[in-house]
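**Student:** My structure is stored as input.txt, with compact mmCIF, C-alpha atoms.
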```
# COMPACT_ATOMS: atom_id res chain seq x y z
CA ARG A 214 10.66 -14.54 -8.15
CA SER A 215 12.81 -11.48 -8.55
CA SER A 216 10.20 -9.89 -10.87
CA MET A 217 7.99 -9.58 -7.80
CA LEU A 218 10.64 -7.41 -6.13
CA SER A 219 11.31 -3.82 -7.08
CA THR A 220 14.48 -1.76 -7.19
CA LYS A 221 14.99 1.64 -5.60
CA ALA A 222 14.60 3.32 -9.01
CA GLU A 223 11.13 1.76 -9.31
CA ILE A 224 9.70 3.38 -6.15
CA PRO A 225 7.82 6.10 -8.12
CA SER A 226 6.21 3.48 -10.37
CA LEU A 227 5.44 1.38 -7.31
CA LEU A 228 3.56 4.30 -5.73
CA GLU A 229 1.71 4.83 -9.02
CA GLU A 230 0.77 1.14 -9.04
CA LEU A 231 -0.63 1.40 -5.51
CA SER A 232 -2.57 4.53 -6.51
CA GLY A 233 -3.94 2.74 -9.58
CA ILE A 234 -5.06 -0.25 -7.51
CA ALA A 235 -6.79 2.16 -5.11
CA HIS A 236 -8.46 4.02 -7.98
CA ARG A 237 -9.78 0.80 -9.54
CA SER A 238 -11.13 -0.16 -6.10
CA SER A 239 -12.85 3.25 -5.62
CA VAL A 240 -10.55 4.06 -2.70
CA LYS A 241 -9.62 7.74 -2.47
CA ILE A 242 -5.95 8.15 -1.55
CA LEU A 243 -5.45 11.21 0.65
CA GLU A 244 -1.75 10.62 1.32
CA ILE A 245 0.86 8.08 0.26
CA ARG A 246 4.52 8.10 1.24
CA PRO A 247 7.36 5.61 1.54
CA GLU A 248 8.89 5.27 5.00
CA ALA A 249 12.48 4.36 5.92
CA GLY A 250 13.29 0.80 4.85
CA THR A 251 14.98 -2.00 6.77
CA GLY A 252 17.37 -4.82 5.93
CA GLN A 253 19.93 -2.86 3.89
CA GLU A 254 22.54 -5.61 4.38
CA GLU A 255 20.26 -8.38 3.14
CA ALA A 256 19.56 -9.53 -0.42
CA PHE A 257 16.39 -7.45 -0.24
CA ARG A 258 15.03 -4.77 2.04
CA GLU A 259 11.56 -4.01 3.29
CA ILE A 260 10.04 -0.65 2.36
CA PRO A 261 6.97 0.35 4.38
CA ILE A 262 4.52 2.64 2.60
CA PHE A 263 2.02 4.68 4.60
CA ILE A 264 -1.38 5.16 2.95
CA LYS A 265 -4.15 7.40 4.25
CA ALA A 266 -7.41 6.87 2.39
CA ARG A 267 -11.17 7.33 2.51
CA CYS A 268 -13.57 4.64 1.38
CA GLY A 269 -16.42 2.34 2.27
CA TYR A 270 -15.79 -0.95 4.00
CA HIS A 271 -16.45 -3.08 0.89
CA ARG A 272 -14.25 -0.86 -1.29
CA LEU A 273 -11.45 -1.37 1.24
CA GLY A 274 -11.96 -5.12 0.90
CA HIS A 275 -11.63 -4.83 -2.89
CA PHE A 276 -8.43 -2.80 -2.48
CA ILE A 277 -6.88 -5.37 -0.12
CA SER A 278 -7.91 -8.22 -2.43
CA ARG A 279 -6.25 -6.48 -5.39
CA LEU A 280 -3.08 -5.89 -3.35
CA GLU A 281 -2.92 -9.59 -2.59
CA ALA A 282 -3.39 -10.44 -6.28
CA ALA A 283 -0.81 -7.91 -7.52
CA GLU A 284 2.28 -9.14 -9.31
CA ARG A 285 4.54 -7.35 -6.82
CA ILE A 286 4.76 -8.48 -3.21
CA PHE A 287 2.70 -6.33 -0.84
CA GLU A 288 2.14 -7.10 2.83
CA ILE A 289 -0.29 -5.20 5.05
CA LYS A 290 1.52 -4.53 8.33
CA ASP A 291 -1.09 -2.34 10.03
CA ILE A 292 -4.59 -1.11 9.33
CA LYS A 293 -6.78 1.36 11.20
CA ILE A 294 -10.37 2.11 10.24
CA LYS A 295 -12.21 5.06 11.75
CA GLY A 296 -15.88 5.79 11.18
CA ARG A 297 -17.12 9.18 10.02
CA PRO A 298 -20.36 10.09 11.85
CA LEU A 299 -21.59 12.49 9.15
CA THR A 300 -20.96 9.97 6.36
CA PRO A 301 -21.43 6.51 7.90
CA ARG A 302 -20.69 4.66 4.62
CA SER A 303 -17.29 6.29 4.28
CA HIS A 304 -14.38 5.56 6.61
CA ASP A 305 -10.98 7.11 7.24
CA VAL A 306 -8.41 4.36 6.72
CA SER A 307 -4.70 4.26 7.55
CA LEU A 308 -2.63 1.40 6.15
CA LEU A 309 1.00 0.48 6.47
CA VAL A 310 1.81 -1.64 3.42
CA SER A 311 5.27 -3.14 2.97
CA THR A 312 6.94 -4.13 -0.24
CA PHE A 313 10.42 -5.43 -0.80
CA LEU A 314 13.28 -3.98 -2.85
CA LEU A 315 16.26 -5.84 -4.23
CA SER A 316 19.42 -4.60 -2.54
CA GLU A 317 21.82 -2.90 -4.88
CA ASN A 318 24.85 -4.69 -3.38
```
For the file at hand, write its structure as structure tokens.
**Tutor:**
Amino acid sequence: RSSMLSTKAEIPSLLEELSGIAHRSSVKILEIRPEAGTGQEEAFREIPIFIKARCGYHRLGHFISRLEAAERIFEIKDIKIKGRPLTPRSHDVSLLVSTFLLSEN
């Protein structure tokens, strides 16, 4: 469905949506930024979004579950989880989440 795909003008609202999903999952976003997209000649193009966060393991699971249930298409391309010795129930997490934009051609 095309309603599951965003347009370039919707990138700010897309980042807000990701931040809202993180907030509702008790995941603290430390950094979020879109990366260079691919597939500019196609009907749609992939936009990777880097997310650096801090959360507990179960909160991360809630966040991923909510991403999968979101109306927009999100795909987790990479995930890194690093423990924090002084706070063992909180982890540093890096995610590369892709979404897809409709090409403006």
**Student:** Identify, on the basis of all atoms listed in the file, every residue whose closest approach to segment 308-314 of chain A does not exceed 7 Å; exclude the query and any residue fewer than 3 positions from it along the same chain; express the result as a PyMOL selection string.
**Tutor:** chain A and resi 218-221+257-265+286-293
**Student:** Closest to Glu223 of chain A among A:Ala235, A:Leu273, A:Leu315, A:Ala283, using all atoms listed in the file?
**Tutor:**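 Using all atoms listed in the file, Glu223 of chain A sits closest to A:Leu315.
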**Student:** Go through A:Leu228, A:Arg267, A:Gly233, A:Ser238 and flag the residue nearest Ser303 of chain A, using all atoms listed in the file for the distances.
**Tutor:**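 Of A:Leu228, A:Arg267, A:Gly233, A:Ser238, the one nearest Ser303 of chain A, counting all atoms listed in the file, is A:Arg267.
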**Student:** Report as a PDB file with C-alpha atoms, in the coordinates of the input all protein, DNA and RNA residues lying within 12 Å of Gly296 of chain A, evaluated on only C-alpha atoms, omitting residues in the same chain fewer than 2 positions from it.
**Tutor:**
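Generated output (out30.pdb):
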```pdb
ATOM      1  CA  ARG A 267     -11.170   7.330   2.510  1.00  0.00           C
ATOM      2  CA  CYS A 268     -13.570   4.640   1.380  1.00  0.00           C
ATOM      3  CA  GLY A 269     -16.420   2.340   2.270  1.00  0.00           C
ATOM      4  CA  TYR A 270     -15.790  -0.950   4.000  1.00  0.00           C
ATOM      5  CA  LYS A 293      -6.780   1.360  11.200  1.00  0.00           C
ATOM      6  CA  ILE A 294     -10.370   2.110  10.240  1.00  0.00           C
ATOM      7  CA  PRO A 298     -20.360  10.090  11.850  1.00  0.00           C
ATOM      8  CA  LEU A 299     -21.590  12.490   9.150  1.00  0.00           C
ATOM      9  CA  THR A 300     -20.960   9.970   6.360  1.00  0.00           C
ATOM     10  CA  PRO A 301     -21.430   6.510   7.900  1.00  0.00           C
ATOM     11  CA  ARG A 302     -20.690   4.660   4.620  1.00  0.00           C
ATOM     12  CA  SER A 303     -17.290   6.290   4.280  1.00  0.00           C
ATOM     13  CA  HIS A 304     -14.380   5.560   6.610  1.00  0.00           C
ATOM     14  CA  ASP A 305     -10.980   7.110   7.240  1.00  0.00           C
ATOM     15  CA  VAL A 306      -8.410   4.360   6.720  1.00  0.00           C
ATOM     16  CA  SER A 307      -4.700   4.260   7.550  1.00  0.00           C
TER      17      SER A 307
END
```
**Student:** Can you measure atom CA of His271 of chain A to atom CA of Arg285 of chain A for me? One decimal in Å is fine.
**Tutor:**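 Computing it gives 22.8 Å between the two atoms.
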**Student:** Between A:Ala266, A:Ile224, A:Gly274, A:Arg279, which residue has the minimum interatomic distance to Leu243 of chain A, considering all atoms listed in the file?
**Tutor:** A:Ala266
